[in-house]
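Engineer: Before we start, here is the structure in question, set down as structure tokens.
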Amino acid sequence: MTDFDFKKYWQERLEIVNRALNYYLPEDANGPQILVEAMRYTLFAGGKRLRPLLSIIGYELSGGRDLEGELLPVACGIEMIHTFSLIHDDLPAMDNDDFRRGKPTNHRVFGEAIAILAGDALFSHAFYTIVQSRMPPERLVSVLKEITDAIGLDGMLGGQVADVTGENKPPSEEIVEYIHSRKTGKFIRASLKAGGLAAGAPGDVIDLFHRVGDKIGLTFQIVDDILDEIGEKDKLGKSVGKDRESGKQTYVRVYGLQRAKEKARELAESAISEVEDHFGFQKGRPLIDLIKFIVERNY
Ligand code: GRG
């Protein structure tokens, strides 16, 4: 692995995930055609597939040997949940966005009712997909527990509520920490941990993924806040400046741009050193390079 090429590694896995998504949600899936079309519209609009990639890396680092049978249903379910959250986040009642993944948002193309239903359908289809995994049942239950906790009351859902209700309130460290850890961080952490749990990783590895996943999740969301301030719409595939416009609680608003950049870098360095200490540089390389991408990304 001396000449490890992260872009190639990522591209290969992105194609594997896309093929599996096509398998688990084909064009001719049973159900109303318009719903399938709307689900697939945002699912295949060009996401980076970071969460499925994290689950694959967690699985591979933990010695998992049946990617297709055990892990891909989980990786696909994770991407379906993520895509559902994007569709609902973009709705007029939430962030009211016109662009996502470089294309008009789901409700702009299919109308609000179908967009809501396409999100709902992706959410339920995610669990129908995950339970098709061939991993031992007790592992599957632990994966489901991790994911449902991450997206539930004290997870993505709770974070989104804090995000919506925190608009136009005075900037608050406490609120922004809650939003970032729950709305985004916990699901990113769960993606990495799900890979380890699916492979039957020992407790010390799951604990490591928990700590590192937290740092990756927070880094990811801080960079997201920074890109909303100084990113480019064409690269990001979505509107910029929306957070400021809506008076959102963001890391940039609370700590300033410079401190936000420093914090993201510190967190990423700390995550990388934990990975390196545990797995060594060569073995840990896919995760190390993914963390570097997350902190350096411009899309
Ligand atoms: C879980 C029941 C339940 C409800 C969800 C709508 C909602 C409630 C939550 C919204 C959560 C959300 C959209 C958070 C933003 C996360 C974020 C920064 C997404 C961008 O992720 P990228 O950059 O996107 O990985 P791509 O398009 O590359 O996949």
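In the structure tokens, each chain is lettered A, B, ... as it comes, each chain's residues begin at 1, and ligands are numbered from 1 in order of appearance.
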Which protein, DNA or RNA residues have an atom within 6 Å of ligand 1, counting only C-alpha atoms and all ligand atoms, as a list in words?
Structural biologist: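 Within the 6 Å cut-off, the matching residues are Gly47, Lys48, Arg49, Leu50, Ser85, Leu86, His88, Asp89, Arg101, Ile151, Gly152, Met156, Leu157, Gln160, Lys183, Thr184, Gln221 and Asp224 of chain A.
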Engineer: Write a file of the just-selected residues containing N, CA and C atoms, as a short mmCIF file (atom, residue, chain, number, x, y, z; two decimals), in the first residue's frame.
Structural biologist:
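Okay, this is what ended up in part_29.cif:
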```
data_model
loop_
_atom_site.label_atom_id
_atom_site.label_comp_id
_atom_site.auth_asym_id
_atom_site.auth_seq_id
_atom_site.Cartn_x
_atom_site.Cartn_y
_atom_site.Cartn_z
N GLY A 47 -24.05 12.42 -5.39
CA GLY A 47 -23.50 12.61 -4.04
C GLY A 47 -22.10 12.03 -3.92
N LYS A 48 -21.38 12.48 -2.94
CA LYS A 48 -19.99 12.02 -2.74
C LYS A 48 -19.92 10.61 -2.16
N ARG A 49 -21.03 10.15 -1.59
CA ARG A 49 -21.10 8.79 -0.98
C ARG A 49 -20.14 8.65 0.20
N LEU A 50 -19.95 9.74 0.97
CA LEU A 50 -18.99 9.69 2.09
C LEU A 50 -19.42 8.74 3.19
N SER A 85 -32.88 12.67 4.05
CA SER A 85 -32.74 13.86 4.91
C SER A 85 -32.45 15.11 4.05
N LEU A 86 -31.73 14.93 2.95
CA LEU A 86 -31.46 16.08 2.07
C LEU A 86 -32.75 16.57 1.41
N HIS A 88 -35.85 16.27 2.44
CA HIS A 88 -36.72 16.96 3.41
C HIS A 88 -36.10 18.28 3.89
N ASP A 89 -34.78 18.30 4.05
CA ASP A 89 -34.09 19.52 4.47
C ASP A 89 -34.29 20.67 3.46
N ARG A 101 -26.97 18.86 -5.02
CA ARG A 101 -26.17 17.94 -5.85
C ARG A 101 -26.12 18.42 -7.30
N ILE A 151 -30.10 8.73 14.08
CA ILE A 151 -31.00 9.60 13.30
C ILE A 151 -32.24 10.00 14.09
N GLY A 152 -32.37 9.51 15.32
CA GLY A 152 -33.63 9.70 16.04
C GLY A 152 -33.71 10.97 16.87
N MET A 156 -30.13 12.97 14.46
CA MET A 156 -30.37 13.87 13.33
C MET A 156 -31.69 14.66 13.49
N LEU A 157 -32.70 13.97 13.96
CA LEU A 157 -34.00 14.62 14.12
C LEU A 157 -33.94 15.74 15.17
N GLN A 160 -31.95 18.63 13.85
CA GLN A 160 -32.68 19.44 12.87
C GLN A 160 -33.67 20.37 13.57
N LYS A 183 -27.25 16.76 14.38
CA LYS A 183 -27.81 16.83 13.01
C LYS A 183 -26.94 16.05 12.02
N THR A 184 -25.63 16.16 12.19
CA THR A 184 -24.72 15.57 11.20
C THR A 184 -23.75 14.56 11.81
N GLN A 221 -18.98 18.98 9.61
CA GLN A 221 -20.00 20.03 9.69
C GLN A 221 -19.38 21.43 9.81
N ASP A 224 -18.55 22.30 6.40
CA ASP A 224 -19.79 22.63 5.71
C ASP A 224 -20.20 24.09 5.99
#
```
Engineer: Skipping near chain neighbours, those fewer than 2 positions away, what residues fall within 10 Å of stretch 29-35 of chain A using only C-alpha atoms, listed as a PyMOL selection string?
Structural biologist: chain A and resi 22-27+37-41+110+114-115+117-119+121-122
Engineer: Those same residues - N, CA, C and O atoms - I'd like them written as an mmCIF file, in the first residue's frame.
Structural biologist:
```cif
data_model
loop_
_atom_site.group_PDB
_atom_site.id
_atom_site.type_symbol
_atom_site.label_atom_id
_atom_site.label_comp_id
_atom_site.auth_asym_id
_atom_site.auth_seq_id
_atom_site.Cartn_x
_atom_site.Cartn_y
_atom_site.Cartn_z
ATOM 1 N N ASN A 22 -28.418 0.677 -7.410
ATOM 2 C CA ASN A 22 -29.244 0.332 -8.573
ATOM 3 C C ASN A 22 -29.903 -1.015 -8.398
ATOM 4 O O ASN A 22 -31.016 -1.247 -8.889
ATOM 5 N N TYR A 23 -29.210 -1.905 -7.710
ATOM 6 C CA TYR A 23 -29.765 -3.244 -7.460
ATOM 7 C C TYR A 23 -30.897 -3.161 -6.419
ATOM 8 O O TYR A 23 -31.957 -3.755 -6.598
ATOM 9 N N TYR A 24 -30.653 -2.423 -5.336
ATOM 10 C CA TYR A 24 -31.653 -2.370 -4.267
ATOM 11 C C TYR A 24 -32.809 -1.404 -4.562
ATOM 12 O O TYR A 24 -33.873 -1.515 -3.963
ATOM 13 N N LEU A 25 -32.583 -0.458 -5.458
ATOM 14 C CA LEU A 25 -33.689 0.424 -5.878
ATOM 15 C C LEU A 25 -33.633 0.593 -7.405
ATOM 16 O O LEU A 25 -33.230 1.647 -7.923
ATOM 17 N N PRO A 26 -34.037 -0.464 -8.136
ATOM 18 C CA PRO A 26 -33.955 -0.400 -9.604
ATOM 19 C C PRO A 26 -35.033 0.495 -10.197
ATOM 20 O O PRO A 26 -36.019 0.796 -9.525
ATOM 21 N N GLU A 27 -34.830 0.876 -11.456
ATOM 22 C CA GLU A 27 -35.816 1.721 -12.162
ATOM 23 C C GLU A 27 -37.191 1.073 -12.179
ATOM 24 O O GLU A 27 -38.210 1.753 -12.140
ATOM 25 N N GLU A 37 -39.191 7.194 -9.499
ATOM 26 C CA GLU A 37 -38.433 8.187 -10.277
ATOM 27 C C GLU A 37 -37.913 9.312 -9.363
ATOM 28 O O GLU A 37 -36.753 9.721 -9.449
ATOM 29 N N ALA A 38 -38.777 9.784 -8.468
ATOM 30 C CA ALA A 38 -38.381 10.880 -7.569
ATOM 31 C C ALA A 38 -37.321 10.414 -6.569
ATOM 32 O O ALA A 38 -36.371 11.150 -6.260
ATOM 33 N N MET A 39 -37.443 9.191 -6.070
ATOM 34 C CA MET A 39 -36.437 8.659 -5.142
ATOM 35 C C MET A 39 -35.080 8.572 -5.842
ATOM 36 O O MET A 39 -34.053 8.994 -5.313
ATOM 37 N N ARG A 40 -35.109 8.022 -7.053
ATOM 38 C CA ARG A 40 -33.848 7.819 -7.783
ATOM 39 C C ARG A 40 -33.268 9.140 -8.285
ATOM 40 O O ARG A 40 -32.057 9.270 -8.450
ATOM 41 N N TYR A 41 -34.115 10.130 -8.507
ATOM 42 C CA TYR A 41 -33.640 11.430 -9.008
ATOM 43 C C TYR A 41 -32.581 12.019 -8.073
ATOM 44 O O TYR A 41 -31.487 12.395 -8.504
ATOM 45 N N PHE A 110 -40.539 17.610 -8.781
ATOM 46 C CA PHE A 110 -41.694 16.714 -8.642
ATOM 47 C C PHE A 110 -42.858 17.331 -7.853
ATOM 48 O O PHE A 110 -43.922 16.724 -7.740
ATOM 49 N N ILE A 114 -44.956 14.970 -3.727
ATOM 50 C CA ILE A 114 -44.166 13.799 -4.151
ATOM 51 C C ILE A 114 -42.780 13.829 -3.495
ATOM 52 O O ILE A 114 -42.237 12.785 -3.109
ATOM 53 N N ALA A 115 -42.191 15.034 -3.327
ATOM 54 C CA ALA A 115 -40.869 15.116 -2.676
ATOM 55 C C ALA A 115 -40.949 14.601 -1.230
ATOM 56 O O ALA A 115 -40.069 13.856 -0.777
ATOM 57 N N LEU A 117 -43.098 12.485 -0.080
ATOM 58 C CA LEU A 117 -43.319 11.036 -0.131
ATOM 59 C C LEU A 117 -42.070 10.295 -0.605
ATOM 60 O O LEU A 117 -41.781 9.183 -0.124
ATOM 61 N N ALA A 118 -41.322 10.897 -1.514
ATOM 62 C CA ALA A 118 -40.076 10.251 -1.977
ATOM 63 C C ALA A 118 -39.089 10.151 -0.817
ATOM 64 O O ALA A 118 -38.388 9.139 -0.657
ATOM 65 N N GLY A 119 -39.028 11.192 0.013
ATOM 66 C CA GLY A 119 -38.168 11.140 1.207
ATOM 67 C C GLY A 119 -38.639 10.037 2.140
ATOM 68 O O GLY A 119 -37.855 9.190 2.586
ATOM 69 N N ALA A 121 -40.343 7.436 1.421
ATOM 70 C CA ALA A 121 -40.131 6.121 0.796
ATOM 71 C C ALA A 121 -38.653 5.708 0.879
ATOM 72 O O ALA A 121 -38.342 4.535 1.109
ATOM 73 N N LEU A 122 -37.742 6.669 0.717
ATOM 74 C CA LEU A 122 -36.307 6.343 0.848
ATOM 75 C C LEU A 122 -35.998 5.904 2.279
ATOM 76 O O LEU A 122 -35.187 5.007 2.511
#
```
Engineer: Determine, using only C-alpha atoms, which residues of stretch 94-150 of chain A have any atom at most 10 Å from an atom of stretch 188-197 of chain A, and tabulate each with its shortest atom pair and distance in Å to one decimal place, rows ordered by chain and then rising number, as a Markdown table.
Structural biologist:
```
| residue | atom | partner | partner_atom | distance |
| --- | --- | --- | --- | --- |
| A:Met135 | CA | A:Leu197 | CA | 9.8 |
| A:Glu138 | CA | A:Leu197 | CA | 9.7 |
| A:Arg139 | CA | A:Leu197 | CA | 6.2 |
| A:Leu140 | CA | A:Leu197 | CA | 8.1 |
| A:Val141 | CA | A:Leu197 | CA | 9.6 |
| A:Ser142 | CA | A:Leu197 | CA | 6.8 |
| A:Val143 | CA | A:Ala194 | CA | 5.2 |
| A:Leu144 | CA | A:Ala194 | CA | 8.3 |
| A:Lys145 | CA | A:Ala194 | CA | 9.5 |
| A:Glu146 | CA | A:Ala190 | CA | 5.9 |
| A:Ile147 | CA | A:Ala190 | CA | 5.8 |
| A:Thr148 | CA | A:Ala190 | CA | 9.2 |
| A:Asp149 | CA | A:Ala190 | CA | 8.7 |
| A:Ala150 | CA | A:Ala190 | CA | 6.4 |
```
Engineer: Hey, which of A:Ala201, A:Ile216, A:Leu208, A:Ile16 ends up closest to A:Asp289? Count only C-alpha atoms.
Structural biologist: A:Ile216
Engineer: Env of A:Glu174: 12 Å cut, atoms = only C-alpha atoms, seq-sep filter 2 positions within chain, self excluded. Answer as a PyMOL selection string.
Structural biologist: chain A and resi 162+166+170-172+176-181+249-251+254-255
Engineer: So that I can check the surroundings of A:Arg108, please list as a list in words every protein, DNA and RNA residue that reaches within 12 Å of it, counting only C-alpha atoms and ignoring chain neighbours fewer than 4 positions away.
Structural biologist: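 The residues satisfying every condition are Ala38, Tyr41, Thr42, Ile87, Asp90, Leu91, Pro92, Asn96, Asp97, Asp98, Phe99, Arg100, Lys103, Pro104, Glu112, Ala113, Ile114, Ala115 and Ile116 of chain A.
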Engineer: For N, CA, C and O atoms, I'd like the residues from the last selection saved as a short mmCIF file (atom, residue, chain, number, x, y, z; two decimals), in the first residue's frame.
Structural biologist:
```cif
data_model
loop_
_atom_site.label_atom_id
_atom_site.label_comp_id
_atom_site.auth_asym_id
_atom_site.auth_seq_id
_atom_site.Cartn_x
_atom_site.Cartn_y
_atom_site.Cartn_z
N ALA A 38 -38.78 9.78 -8.47
CA ALA A 38 -38.38 10.88 -7.57
C ALA A 38 -37.32 10.41 -6.57
O ALA A 38 -36.37 11.15 -6.26
N TYR A 41 -34.12 10.13 -8.51
CA TYR A 41 -33.64 11.43 -9.01
C TYR A 41 -32.58 12.02 -8.07
O TYR A 41 -31.49 12.39 -8.50
N THR A 42 -32.89 12.09 -6.77
CA THR A 42 -31.91 12.68 -5.85
C THR A 42 -30.84 11.67 -5.45
O THR A 42 -29.68 12.02 -5.26
N ILE A 87 -33.56 15.62 0.92
CA ILE A 87 -34.82 16.01 0.25
C ILE A 87 -35.71 16.78 1.22
O ILE A 87 -36.25 17.84 0.88
N ASP A 90 -34.42 20.30 2.19
CA ASP A 90 -34.56 21.31 1.13
C ASP A 90 -35.98 21.85 0.97
O ASP A 90 -36.20 22.83 0.26
N LEU A 91 -36.94 21.19 1.60
CA LEU A 91 -38.35 21.58 1.41
C LEU A 91 -38.63 23.02 1.85
O LEU A 91 -37.93 23.54 2.74
N PRO A 92 -39.65 23.65 1.27
CA PRO A 92 -39.99 25.03 1.65
C PRO A 92 -40.18 25.21 3.16
O PRO A 92 -39.81 26.23 3.72
N ASN A 96 -35.85 25.51 2.34
CA ASN A 96 -36.36 26.08 1.11
C ASN A 96 -35.25 26.32 0.09
O ASN A 96 -35.01 27.46 -0.33
N ASP A 97 -34.58 25.23 -0.31
CA ASP A 97 -33.47 25.34 -1.25
C ASP A 97 -33.88 24.93 -2.66
O ASP A 97 -34.73 24.06 -2.84
N ASP A 98 -33.23 25.57 -3.65
CA ASP A 98 -33.56 25.29 -5.04
C ASP A 98 -32.59 24.31 -5.70
O ASP A 98 -32.90 23.72 -6.73
N PHE A 99 -31.38 24.18 -5.14
CA PHE A 99 -30.38 23.33 -5.77
C PHE A 99 -29.78 22.35 -4.78
O PHE A 99 -29.52 22.69 -3.62
N ARG A 100 -29.54 21.17 -5.25
CA ARG A 100 -28.91 20.13 -4.43
C ARG A 100 -28.18 19.19 -5.38
O ARG A 100 -28.72 18.80 -6.40
N LYS A 103 -28.29 19.99 -9.04
CA LYS A 103 -29.53 19.94 -9.83
C LYS A 103 -30.65 20.63 -9.06
O LYS A 103 -30.55 20.79 -7.84
N PRO A 104 -31.74 20.97 -9.74
CA PRO A 104 -32.90 21.51 -9.00
C PRO A 104 -33.34 20.50 -7.94
O PRO A 104 -33.27 19.28 -8.16
N GLU A 112 -44.08 19.45 -4.09
CA GLU A 112 -43.85 19.21 -2.66
C GLU A 112 -44.37 17.86 -2.17
O GLU A 112 -43.70 17.15 -1.42
N ALA A 113 -45.59 17.51 -2.62
CA ALA A 113 -46.20 16.27 -2.10
C ALA A 113 -45.35 15.06 -2.47
O ALA A 113 -45.03 14.23 -1.60
N ILE A 114 -44.96 14.97 -3.73
CA ILE A 114 -44.17 13.80 -4.15
C ILE A 114 -42.78 13.83 -3.49
O ILE A 114 -42.24 12.79 -3.11
N ALA A 115 -42.19 15.03 -3.33
CA ALA A 115 -40.87 15.12 -2.68
C ALA A 115 -40.95 14.60 -1.23
O ALA A 115 -40.07 13.86 -0.78
N ILE A 116 -42.00 15.00 -0.52
CA ILE A 116 -42.17 14.51 0.86
C ILE A 116 -42.29 12.98 0.85
O ILE A 116 -41.62 12.27 1.61
#
```
Engineer: May I have the residues within 10 Å of A:Gln132 as a list of chain:residue names, using only C-alpha atoms and disregarding those fewer than 2 positions away in the same chain?
Structural biologist: A:Tyr24, A:Gly69, A:Glu70, A:Leu71, A:Leu72, A:Pro73, A:Val74, A:Phe127, A:Tyr128, A:Thr129, A:Ile130, A:Arg134, A:Met135, A:Leu140
Engineer: Quick one: residues within 12 Å of A:Val295, only C-alpha atoms counted, chain neighbours fewer than 6 positions away excluded, as a ChimeraX atom specification?
Structural biologist: /A:215-227,260-269,271-272,288-289
Engineer: Generate a file of the selected residues that holds N, CA and C atoms, formatted as a CSV table (one decimal), in the first residue's frame.
Structural biologist:
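Once everything was written out, this is selection.csv:
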```csv
chain,number,residue,atom,x,y,z
A,215,LYS,N,-15.1,13.0,15.9
A,215,LYS,CA,-14.2,14.1,15.4
A,215,LYS,C,-14.4,14.3,13.9
A,216,ILE,N,-14.6,13.2,13.2
A,216,ILE,CA,-14.8,13.4,11.7
A,216,ILE,C,-16.1,14.1,11.5
A,217,GLY,N,-17.2,13.7,12.3
A,217,GLY,CA,-18.5,14.3,12.1
A,217,GLY,C,-18.5,15.8,12.3
A,218,LEU,N,-17.8,16.2,13.4
A,218,LEU,CA,-17.7,17.6,13.7
A,218,LEU,C,-16.9,18.4,12.7
A,219,THR,N,-15.7,17.8,12.3
A,219,THR,CA,-14.9,18.4,11.3
A,219,THR,C,-15.8,18.6,10.0
A,220,PHE,N,-16.5,17.6,9.6
A,220,PHE,CA,-17.3,17.6,8.4
A,220,PHE,C,-18.3,18.8,8.5
A,221,GLN,N,-19.0,19.0,9.6
A,221,GLN,CA,-20.0,20.0,9.7
A,221,GLN,C,-19.4,21.4,9.8
A,222,ILE,N,-18.2,21.5,10.5
A,222,ILE,CA,-17.6,22.8,10.6
A,222,ILE,C,-17.2,23.3,9.1
A,223,VAL,N,-16.6,22.3,8.4
A,223,VAL,CA,-16.2,22.6,7.0
A,223,VAL,C,-17.4,23.0,6.2
A,224,ASP,N,-18.5,22.3,6.4
A,224,ASP,CA,-19.8,22.6,5.7
A,224,ASP,C,-20.2,24.1,6.0
A,225,ASP,N,-20.0,24.5,7.3
A,225,ASP,CA,-20.4,25.9,7.6
A,225,ASP,C,-19.4,26.9,6.9
A,226,ILE,N,-18.1,26.5,6.9
A,226,ILE,CA,-17.1,27.4,6.2
A,226,ILE,C,-17.5,27.5,4.7
A,227,LEU,N,-17.8,26.4,4.1
A,227,LEU,CA,-18.1,26.4,2.7
A,227,LEU,C,-19.3,27.2,2.4
A,260,ALA,N,-12.9,28.8,13.2
A,260,ALA,CA,-13.6,27.6,12.7
A,260,ALA,C,-12.6,26.7,11.9
A,261,LYS,N,-11.8,27.4,11.1
A,261,LYS,CA,-10.8,26.7,10.2
A,261,LYS,C,-9.8,26.0,11.1
A,262,GLU,N,-9.3,26.7,12.2
A,262,GLU,CA,-8.3,26.1,13.1
A,262,GLU,C,-8.9,24.9,13.8
A,263,LYS,N,-10.1,25.0,14.2
A,263,LYS,CA,-10.8,23.9,15.0
A,263,LYS,C,-11.0,22.7,14.1
A,264,ALA,N,-11.4,22.9,12.8
A,264,ALA,CA,-11.5,21.8,11.9
A,264,ALA,C,-10.2,21.0,11.7
A,265,ARG,N,-9.1,21.8,11.5
A,265,ARG,CA,-7.8,21.2,11.3
A,265,ARG,C,-7.3,20.5,12.6
A,266,GLU,N,-7.5,21.1,13.8
A,266,GLU,CA,-7.1,20.4,15.0
A,266,GLU,C,-7.9,19.1,15.2
A,267,LEU,N,-9.2,19.1,14.9
A,267,LEU,CA,-10.0,17.9,15.1
A,267,LEU,C,-9.5,16.8,14.1
A,268,ALA,N,-9.3,17.2,12.9
A,268,ALA,CA,-8.8,16.2,11.8
A,268,ALA,C,-7.5,15.6,12.2
A,269,GLU,N,-6.5,16.5,12.7
A,269,GLU,CA,-5.2,16.0,13.1
A,269,GLU,C,-5.3,15.0,14.2
A,271,ALA,N,-8.0,13.2,15.0
A,271,ALA,CA,-8.6,11.9,14.5
A,271,ALA,C,-7.5,11.1,13.8
A,272,ILE,N,-6.7,11.7,12.9
A,272,ILE,CA,-5.7,11.0,12.1
A,272,ILE,C,-4.7,10.3,13.1
A,288,ILE,N,-7.3,7.7,7.0
A,288,ILE,CA,-6.5,8.9,7.1
A,288,ILE,C,-6.7,9.8,5.9
A,289,ASP,N,-6.7,9.2,4.7
A,289,ASP,CA,-6.9,10.1,3.5
A,289,ASP,C,-8.3,10.6,3.4
```
Engineer: Would you mind telling me which residue in A:Met94, A:Val131, A:Val205, A:Leu67 lies nearest to A:Thr165 when using only C-alpha atoms?
Structural biologist: A:Met94
Engineer: Counting only C-alpha atoms, figure out which residue out of A:Pro52, A:Gly111, A:Gly200, A:Gly46 gets nearest to A:Arg65.
Structural biologist: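 With only C-alpha atoms as the atom set, the closest residue is A:Gly200.
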Engineer: Nearest to A:Leu53: which of A:Asn106, A:Phe123, A:Leu287, A:Ile206 is it, counting only C-alpha atoms?
Structural biologist: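 Smallest separation from A:Leu53 among the options: A:Leu287.
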